[in-house]
$ cat final23.txt   # compact mmCIF, C-alpha atoms
# COMPACT_ATOMS: atom_id res chain seq x y z
CA MET Q 879 80.44 45.41 2.76
CA ASN Q 880 83.57 43.32 2.61
CA GLN Q 881 83.76 39.54 2.61
CA SER Q 882 84.67 39.32 6.28
CA GLU Q 883 81.38 40.88 7.36
CA LYS Q 884 78.41 38.73 8.17
CA ILE Q 885 75.00 39.43 6.71
CA ILE Q 886 72.54 40.89 9.18
CA TRP Q 887 68.87 40.34 8.33
CA ARG Q 888 67.25 43.62 7.33
CA ARG Q 889 63.62 44.53 6.73
CA GLU Q 890 64.31 44.95 3.03
CA PHE Q 891 64.91 41.18 2.88
CA ASP Q 892 61.33 40.43 3.99
CA THR Q 893 59.12 39.39 1.11
CA GLY Q 894 55.78 38.95 2.84
CA VAL Q 895 55.61 35.23 2.02
CA ALA Q 896 56.39 33.50 5.32
CA GLU Q 897 57.72 30.26 3.82
CA ILE Q 898 60.14 32.10 1.54
CA ASP Q 899 61.24 34.50 4.28
CA GLU Q 900 61.96 31.61 6.65
CA GLN Q 901 64.09 29.90 4.01
CA HIS Q 902 65.92 33.12 3.18
CA ARG Q 903 66.75 33.55 6.86
CA THR Q 904 68.17 30.02 6.87
CA LEU Q 905 70.28 30.77 3.79
CA VAL Q 906 71.64 33.90 5.48
CA LYS Q 907 72.48 31.89 8.62
CA MET Q 908 74.21 29.29 6.44
CA PHE Q 909 76.17 32.05 4.70
CA ASN Q 910 77.31 33.45 8.05
CA LYS Q 911 78.32 29.96 9.19
CA ALA Q 912 80.30 29.36 5.98
CA ARG Q 913 81.95 32.77 6.33
CA SER Q 914 83.17 31.92 9.82
CA GLU Q 915 84.12 28.25 9.18
CA LEU Q 916 85.98 28.48 5.88
CA ARG Q 917 89.62 29.43 5.42
CA ASP Q 918 91.69 29.44 2.26
CA ASP Q 919 93.59 26.49 3.70
CA SER Q 920 90.52 24.62 4.99
CA SER Q 921 90.57 20.91 4.36
CA ARG Q 922 88.75 19.32 1.48
CA GLY Q 923 86.26 17.93 3.98
CA VAL Q 924 85.35 21.37 5.31
CA TRP Q 925 84.88 22.77 1.79
CA GLU Q 926 82.87 19.69 0.77
CA ASN Q 927 80.63 19.98 3.81
CA VAL Q 928 79.97 23.71 3.46
CA THR Q 929 79.27 23.58 -0.27
CA HIS Q 930 77.19 20.39 0.05
CA GLU Q 931 74.99 21.86 2.79
CA PHE Q 932 74.58 25.19 1.02
CA LEU Q 933 73.77 23.62 -2.32
CA GLY Q 934 71.36 21.12 -0.79
CA TYR Q 935 69.40 23.76 1.08
CA ALA Q 936 69.44 26.14 -1.89
CA LEU Q 937 67.97 23.39 -4.10
CA PHE Q 938 65.22 22.82 -1.53
CA HIS Q 939 64.55 26.58 -1.49
CA PHE Q 940 64.45 26.72 -5.29
CA TRP Q 941 61.99 23.83 -5.35
CA THR Q 942 59.79 25.71 -2.87
CA GLU Q 943 59.81 28.88 -4.95
CA GLU Q 944 59.15 27.02 -8.19
CA ASP Q 945 56.35 25.02 -6.59
CA LEU Q 946 54.70 28.21 -5.31
CA ALA Q 947 55.15 29.78 -8.73
CA ALA Q 948 53.37 26.80 -10.31
CA GLN Q 949 50.55 26.92 -7.75
CA TYR Q 950 49.84 30.56 -8.56
CA GLY Q 951 50.33 30.35 -12.36
CA TYR Q 952 53.46 32.52 -12.49
CA GLU Q 953 54.89 30.76 -15.53
CA GLN Q 954 51.62 31.00 -17.46
CA GLU Q 955 51.14 34.70 -16.80
CA ARG Q 956 54.75 35.89 -16.67
CA ASP Q 957 56.71 33.37 -18.70
CA ALA Q 958 59.80 35.51 -19.42
CA GLU Q 959 60.06 36.64 -15.79
CA ALA Q 960 59.63 33.10 -14.50
CA THR Q 961 62.14 31.69 -16.99
CA ALA Q 962 64.77 34.27 -16.00
CA HIS Q 963 64.14 33.64 -12.30
CA PHE Q 964 64.39 29.88 -12.61
CA GLU Q 965 67.51 30.23 -14.76
CA GLU Q 966 69.14 32.09 -11.87
CA HIS Q 967 68.42 29.02 -9.74
CA ARG Q 968 70.08 26.74 -12.30
CA ALA Q 969 73.08 29.05 -12.69
CA PHE Q 970 73.64 29.16 -8.91
CA ALA Q 971 73.49 25.37 -8.64
CA ALA Q 972 75.85 25.00 -11.62
CA GLU Q 973 78.35 27.44 -10.09
CA ILE Q 974 78.47 25.57 -6.78
CA THR Q 975 78.63 22.20 -8.56
CA ASP Q 976 81.49 23.48 -10.73
CA LEU Q 977 83.37 24.79 -7.68
CA ARG Q 978 83.02 21.37 -6.05
CA ALA Q 979 84.30 19.63 -9.19
CA ARG Q 980 87.28 21.98 -9.49
CA PHE Q 981 88.14 21.41 -5.83
CA ARG Q 982 88.01 17.65 -6.32
CA ALA Q 983 90.33 18.06 -9.31
CA GLY Q 984 92.91 19.74 -7.09
CA GLU Q 985 92.15 23.42 -7.51
CA ARG Q 986 92.15 25.37 -4.24
CA PRO Q 987 89.26 27.83 -4.02
CA ARG Q 988 89.76 31.18 -2.33
CA LYS Q 989 87.45 31.84 0.58
CA ALA Q 990 87.05 35.49 -0.45
CA ASP Q 991 85.88 34.54 -3.96
CA PHE Q 992 83.39 32.00 -2.66
CA ILE Q 993 82.03 34.27 0.09
CA ASP Q 994 81.74 37.21 -2.31
CA PHE Q 995 79.86 34.98 -4.78
CA LEU Q 996 77.44 33.82 -2.07
CA ARG Q 997 76.96 37.34 -0.66
CA ASN Q 998 76.29 38.88 -4.07
CA TRP Q 999 73.99 36.07 -5.09
CA LEU Q 1000 71.98 36.19 -1.85
CA ALA Q 1001 71.59 39.96 -2.00
CA THR Q 1002 70.49 39.91 -5.63
CA HIS Q 1003 68.25 36.88 -5.21
CA ILE Q 1004 66.44 38.08 -2.08
CA VAL Q 1005 66.23 41.82 -2.68
CA GLU Q 1006 65.69 41.81 -6.44
CA SER Q 1007 64.79 38.53 -8.14
CA ASP Q 1008 62.41 37.17 -5.53
CA GLN Q 1009 60.53 40.45 -5.25
CA TRP Q 1010 58.91 39.89 -8.65
CA LEU Q 1011 57.79 36.40 -7.72
CA VAL Q 1012 56.46 37.31 -4.29
CA ALA Q 1013 54.66 40.40 -5.59
CA PHE Q 1014 52.86 38.09 -8.03
CA ILE Q 1015 52.04 35.55 -5.29
CA LEU Q 1016 50.82 38.21 -2.87
CA GLU Q 1017 48.61 39.76 -5.55
CA LYS Q 1018 47.09 36.35 -6.35
CA GLN Q 1019 46.48 35.76 -2.63
CA ARG Q 1020 44.82 39.19 -2.32
CA GLN Q 1021 42.60 38.47 -5.32
CA ALA Q 1022 41.60 35.09 -3.90
CA SER Q 1023 40.81 36.65 -0.54
CA GLU Q 1024 38.66 39.33 -2.16
CA ALA Q 1025 36.85 36.73 -4.25
CA LEU Q 1026 36.20 34.63 -1.16
CA GLY Q 1027 34.91 37.68 0.71
CA ALA Q 1028 32.64 38.62 -2.19
CA SER Q 1029 31.33 35.08 -2.33
CA ALA Q 1030 30.57 35.08 1.40
CA ARG Q 1031 28.82 38.46 1.14
CA GLY Q 1032 26.73 37.06 -1.69
CA ARG Q 1033 25.56 34.16 0.45
CA PHE Q 1034 25.00 36.27 3.53
CA PRO Q 1035 23.67 39.72 2.56
CA GLY Q 1036 25.34 42.30 4.73
CA GLY Q 1037 28.08 39.79 5.47
CA GLY Q 1038 27.01 38.81 8.96
CA TYR Q 1039 24.69 36.67 11.06
CA LYS Q 1040 22.54 39.58 12.21
CA GLU Q 1041 21.23 40.23 8.71
CA THR Q 1042 20.33 36.54 8.18
CA GLY Q 1043 18.42 36.17 11.42
CA ARG Q 1044 20.80 33.39 12.48
CA THR Q 1045 22.80 33.40 15.66
CA PRO Q 1046 26.51 32.74 15.58
CA PRO Q 1047 27.81 29.46 16.94
CA PRO Q 1048 29.14 29.54 20.51
CA PRO Q 1049 32.89 30.21 20.87
$ encode --input "final23.txt" --output "structure tokens"
Amino acid sequence: MNQSEKIIWRREFDTGVAEIDEQHRTLVKMFNKARSELRDDSSRGVWENVTHEFLGYALFHFWTEEDLAAQYGYEQERDAEATAHFEEHRAFAAEITDLRARFRAGERPRKADFIDFLRNWLATHIVESDQWLVAFILEKQRQASEALGASARGRFPGGGYKETGRTPPPP
């Protein structure tokens, strides 16, 4: 895939965690917008706007992932994995921040370099890095669901109203 091609959402991008998938779709849309808006000779304002929006939304996305990781104990159970994942977040933010600083200092970025960086990062982040985190989250959700089901079966032998002699509430 060359830098002039937009990213089309594919099933392999789906993680199974709705909040993360929604944010990934937004990042892909932002990538496609940047790809079509930027030119090598775009004004400073255009570059500033594109990089500001992308960085801002990426930071929000990283916060979401790291918050979910904390909620499910990812760092406690998989410290090295979590550390590597979160370091990818920091490295992405540093790269965009550095690009913005170099641009302000007079350096002209090349659209192809920036778009290739974003494309490669998105593909790696969504298809590889996030898969470890979401697999952990989904497993924790499955375990919680099973525990809840077991608890309910313990309170209601057979798991239903019929076995308890109670009638269900009206719909």
$ closest_residue --input "final23.txt" --among "Q:Leu996, Q:Val924, Q:Asp899, Q:Trp887" --to "Gln1009 of chain Q" --atoms "only C-alpha atoms"
Q:Asp899
$ residues_around --input "final23.txt" --residues "Lys907 of chain Q" --least-positions-apart "6" --cutoff "12 Å" --atoms "only C-alpha atoms" --output "short mmCIF file (atom, residue, chain, number, x, y, z; two decimals) with C-alpha atoms, in the frame of the given file"
data_model
loop_
_atom_site.label_atom_id
_atom_site.label_comp_id
_atom_site.auth_asym_id
_atom_site.auth_seq_id
_atom_site.Cartn_x
_atom_site.Cartn_y
_atom_site.Cartn_z
CA LYS Q 884 78.41 38.73 8.17
CA ILE Q 885 75.00 39.43 6.71
CA ILE Q 886 72.54 40.89 9.18
CA TRP Q 887 68.87 40.34 8.33
CA GLU Q 900 61.96 31.61 6.65
CA GLN Q 901 64.09 29.90 4.01
CA ARG Q 913 81.95 32.77 6.33
CA SER Q 914 83.17 31.92 9.82
CA GLU Q 931 74.99 21.86 2.79
CA PHE Q 932 74.58 25.19 1.02
CA TYR Q 935 69.40 23.76 1.08
CA LEU Q 996 77.44 33.82 -2.07
CA ARG Q 997 76.96 37.34 -0.66
CA LEU Q 1000 71.98 36.19 -1.85
#
$ closest_residue --input "final23.txt" --among "Q:Thr929, Q:Ala896, Q:Arg888, Q:Asn998" --to "Leu946 of chain Q" --atoms "only C-alpha atoms"
Q:Ala896
$ atom_distance --input "final23.txt" --atom1 "atom CA of Trp925 of chain Q" --atom2 "atom CA of Asp991 of chain Q"
13.1 Å
$ closest_residue --input "final23.txt" --among "Q:Ala936, Q:Gln949, Q:Leu916, Q:Glu1017" --to "Ala972 of chain Q" --atoms "all atoms listed in the file"
Q:Ala936
$ residues_around --input "final23.txt" --residues "Ala971 of chain Q" --least-positions-apart "6" --cutoff "10 Å" --atoms "all atoms listed in the file" --output "ChimeraX atom specification"
/Q:932-934,936-937,940,965,977
$ closest_residue --input "final23.txt" --among "Q:Asp976, Q:Asp1008, Q:Glu966, Q:Glu955" --to "Gly894 of chain Q" --atoms "all atoms listed in the file"
Q:Asp1008
$ atom_distance --input "final23.txt" --atom1 "atom CA of Glu953 of chain Q" --atom2 "atom CA of Phe909 of chain Q"
29.4 Å
$ residues_near_point --input "final23.txt" --point "(65.6, 43.9, 2.6)" --cutoff "10 Å" --atoms "only C-alpha atoms" --output "PDB file with C-alpha atoms, keeping the file's coordinate frame"
ATOM      1  CA  TRP Q 887      68.870  40.340   8.330  1.00  0.00           C
ATOM      2  CA  ARG Q 888      67.250  43.620   7.330  1.00  0.00           C
ATOM      3  CA  ARG Q 889      63.620  44.530   6.730  1.00  0.00           C
ATOM      4  CA  GLU Q 890      64.310  44.950   3.030  1.00  0.00           C
ATOM      5  CA  PHE Q 891      64.910  41.180   2.880  1.00  0.00           C
ATOM      6  CA  ASP Q 892      61.330  40.430   3.990  1.00  0.00           C
ATOM      7  CA  THR Q 893      59.120  39.390   1.110  1.00  0.00           C
ATOM      8  CA  ALA Q1001      71.590  39.960  -2.000  1.00  0.00           C
ATOM      9  CA  ILE Q1004      66.440  38.080  -2.080  1.00  0.00           C
ATOM     10  CA  VAL Q1005      66.230  41.820  -2.680  1.00  0.00           C
ATOM     11  CA  GLU Q1006      65.690  41.810  -6.440  1.00  0.00           C
ATOM     12  CA  GLN Q1009      60.530  40.450  -5.250  1.00  0.00           C
TER      13      GLN Q1009
END
$ axis_aligned_box --input "final23.txt" --around "segment 930-934 of chain Q" --padding-each-side "8 Å" --output "lines of an AutoDock Vina configuration file"
center_x = 74.3
center_y = 22.8
center_z = 0.2
size_x = 21.8
size_y = 20.8
size_z = 21.1
$ residues_around --input "final23.txt" --residues "Arg956 of chain Q" --least-positions-apart "4" --cutoff "10 Å" --atoms "all atoms listed in the file" --output "PDB file with C-alpha atoms, in the coordinates of the input"
ATOM      1  CA  GLY Q 951      50.330  30.350 -12.360  1.00  0.00           C
ATOM      2  CA  TYR Q 952      53.460  32.520 -12.490  1.00  0.00           C
ATOM      3  CA  ALA Q 960      59.630  33.100 -14.500  1.00  0.00           C
ATOM      4  CA  THR Q 961      62.140  31.690 -16.990  1.00  0.00           C
ATOM      5  CA  TRP Q1010      58.910  39.890  -8.650  1.00  0.00           C
ATOM      6  CA  LEU Q1011      57.790  36.400  -7.720  1.00  0.00           C
ATOM      7  CA  PHE Q1014      52.860  38.090  -8.030  1.00  0.00           C
TER       8      PHE Q1014
END
$ atom_distance --input "final23.txt" --atom1 "atom CA of Ala948 of chain Q" --atom2 "atom CA of Val906 of chain Q"
25.2 Å
$ closest_residue --input "final23.txt" --among "Q:Val928, Q:Gln1019, Q:Ile898, Q:Ser1007" --to "Glu959 of chain Q" --atoms "all atoms listed in the file"
Q:Ser1007
